[in-house]
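Engineer: A single structure is presented below for examination.
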Amino acid sequence: MGAGAAAAAIAEGRHLLTARGLTKTYARGRFGGGGGDRLPAIRDVDLDIESGGSLVLVGRSGAGKSTLGRCLALLERPEAGSIRYRGVELTRLARRELATYRRQIQLIFQDPGRSLNPRFTVGEVLEEPLAIAGLRPGAERRARAAEMAANVGIPESWLGRSPLGLSGGQRQRLAIARALTIRPRLMIFDESLTGLDLSIQAQTVNLLRELQGRFGLTFVFVTHDLSMVRHLANVVAVMEMGEIVERGPAAEVFDAPRHPMTRRLLAAAARG
Ligand code: ADP
């Protein structure tokens, strides 16, 4: 092994996922407009996600954060670039092979309540991913669901209820527990704290920190708002117009931001 390959192998050991040159262009605008030539939603993005760390992907609306999050979660195929996850190149895998990795990388949306099936109980919402993954018998699924509910502070008495009566913060906890039932390694939160009361945001941050330690999770937070996630971040990547314009250890980026966009986002977070 040459020096370059050895260095790459060491870097890969520390990193759960490494993305290189990711580019994704949508043929048409989200609302059907746009027509002809489109700018890529993300362009030539490199990203290293450290095992057990918390990476914050921040930028204004339209910067390409969600597109990058969806590519990393394998919900969207980039037209160029590489995604290596624990040494395996994922962009060339067939659909069937991807299923295993899709379970290990979970994406959580801003308001998961909206996508809840109103006919399901809280318990059934928690069990569904296990059923899709083929875990049997039902008793084992129920036990795993109840265990995860307890881990996020969902009382057992809720399991038979409809999730529609839950508050935003409670729904967010339900979504976290649901994703955890299938034991992911990487969790990508897309604006998950946005819109929640500050006290609920703080509680969710504390819960996530605790779960991260307990389950050895790696986190990516996609957000336009640095105010709460700064307490969780150890690496920050700032996006503008589909590209990463600044990245580094959170302490460095927050204390000495170099890019004007980083300064703007920090100033907005300070204003609250
Ligand atoms: P952010 O998450 O930073 O707000 P997005 O990744 O949602 O940014 O969007 C980046 C760009 O890609 C925007 O111009 C947006 O309109 C476009 N885009 C995102 N998703 C789609 C889609 N499904 N179809 C078409 N265009 C999209």
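Labels used: A, B, ... for chains in the order of the structure tokens, numbers from 1 for residues in each chain, and numbers from 1 for ligands as shown.
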Do you know which residues are within 10 Å of ligand 1 using only C-alpha atoms and all ligand atoms? Can you write them as a VMD selection string?

Structural biologist: chain A and resid 24 to 34 38 to 42 57 to 71 76 190 to 191 222 to 224 239 to 242

Engineer: Determine, using only C-alpha atoms, which residues of stretch 156-267 of chain A have any atom at most 12 Å from an atom of stretch 88-103 of chain A, and tabulate each with its shortest atom pair and distance in Å to one decimal place, rows ordered by chain and then rising number, as JSON lines.

Structural biologist:
{"residue": "A:Arg178", "atom": "CA", "partner": "A:Arg103", "partner_atom": "CA", "distance": 11.6}
{"residue": "A:Ala179", "atom": "CA", "partner": "A:Arg103", "partner_atom": "CA", "distance": 8.7}
{"residue": "A:Leu180", "atom": "CA", "partner": "A:Arg103", "partner_atom": "CA", "distance": 9.7}
{"residue": "A:Thr181", "atom": "CA", "partner": "A:Arg103", "partner_atom": "CA", "distance": 10.0}
{"residue": "A:Ile182", "atom": "CA", "partner": "A:Arg103", "partner_atom": "CA", "distance": 6.6}
{"residue": "A:Arg183", "atom": "CA", "partner": "A:Arg103", "partner_atom": "CA", "distance": 7.7}
{"residue": "A:Pro184", "atom": "CA", "partner": "A:Arg103", "partner_atom": "CA", "distance": 6.0}
{"residue": "A:Arg185", "atom": "CA", "partner": "A:Arg103", "partner_atom": "CA", "distance": 8.7}
{"residue": "A:Leu186", "atom": "CA", "partner": "A:Arg103", "partner_atom": "CA", "distance": 9.3}
{"residue": "A:Met187", "atom": "CA", "partner": "A:Arg103", "partner_atom": "CA", "distance": 10.1}
{"residue": "A:Ile188", "atom": "CA", "partner": "A:Arg102", "partner_atom": "CA", "distance": 11.8}

Engineer: Env of A:Val122: 12 Å cut, atoms = only C-alpha atoms, seq-sep filter 3 positions within chain, self excluded. Answer as a count of residues only.

Structural biologist: 34

Engineer: Name the residues of stretch 12-255 of chain A that fall into strand (DSSP E or B) according to DSSP on the backbone, using the chain letters and numbers of this document, as JSON, numbers by chain.

Structural biologist: {"A": [15, 16, 17, 18, 19, 20, 21, 22, 23, 24, 42, 43, 44, 45, 46, 47, 48, 49, 50, 54, 55, 56, 57, 58, 59, 80, 81, 82, 83, 84, 85, 88, 89, 105, 106, 107, 108, 186, 187, 188, 189, 190, 218, 219, 220, 221, 222, 223, 235, 236, 237, 238, 239, 240, 243, 244, 245, 246, 247, 248, 249]}

Engineer: Please return as a PyMOL selection string: the residues of stretch 55-225 of chain A that backbone DSSP assigns to alpha helix (DSSP H).

Structural biologist: chain A and resi 65-72+95-104+122-132+138-151+168-180+198-215

Engineer: What gap, in Å, lies between atom CA of A:Asp46 and atom CA of A:Ala19?

Structural biologist: 5.2 Å

Engineer: Can you tell me which residues surround A:Arg258 at a distance of at most 12 Å, considering only C-alpha atoms, apart from same-chain residues fewer than 4 positions away, and format the answer as a list in words?

Structural biologist: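 These residues fall inside the cut-off: Val238, Val245, Glu246, Arg247, Gly248, Glu252, Val253, Phe254, Thr262, Arg263, Arg264, Leu265 and Leu266 of chain A.
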
Engineer: With only C-alpha atoms as the basis for distance, which of A:Arg144, A:Leu22, A:Gly195, A:Leu107 is at the shortest distance from A:Ala131?

Structural biologist: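 The closest residue to A:Ala131 is A:Arg144.
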
Engineer: Choose the residue, out of A:Phe215, A:Phe109, A:Phe120, A:Phe189, that has the smallest atom-to-atom separation from A:Asn151; count only C-alpha atoms.

Structural biologist: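 Among the listed residues, the smallest separation from A:Asn151 belongs to A:Phe215.
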
Engineer: One decimal, in Å: what's the spacing between atom CA of A:Ala268 and atom CA of A:Gly168?

Structural biologist: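 Atom-to-atom, atom CA of A:Ala268 and atom CA of A:Gly168 are spaced 23.9 Å apart.
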
Engineer: So how far away is atom CA of A:Gln172 from atom CA of A:Gln203, in Å?

Structural biologist: 11.1 Å
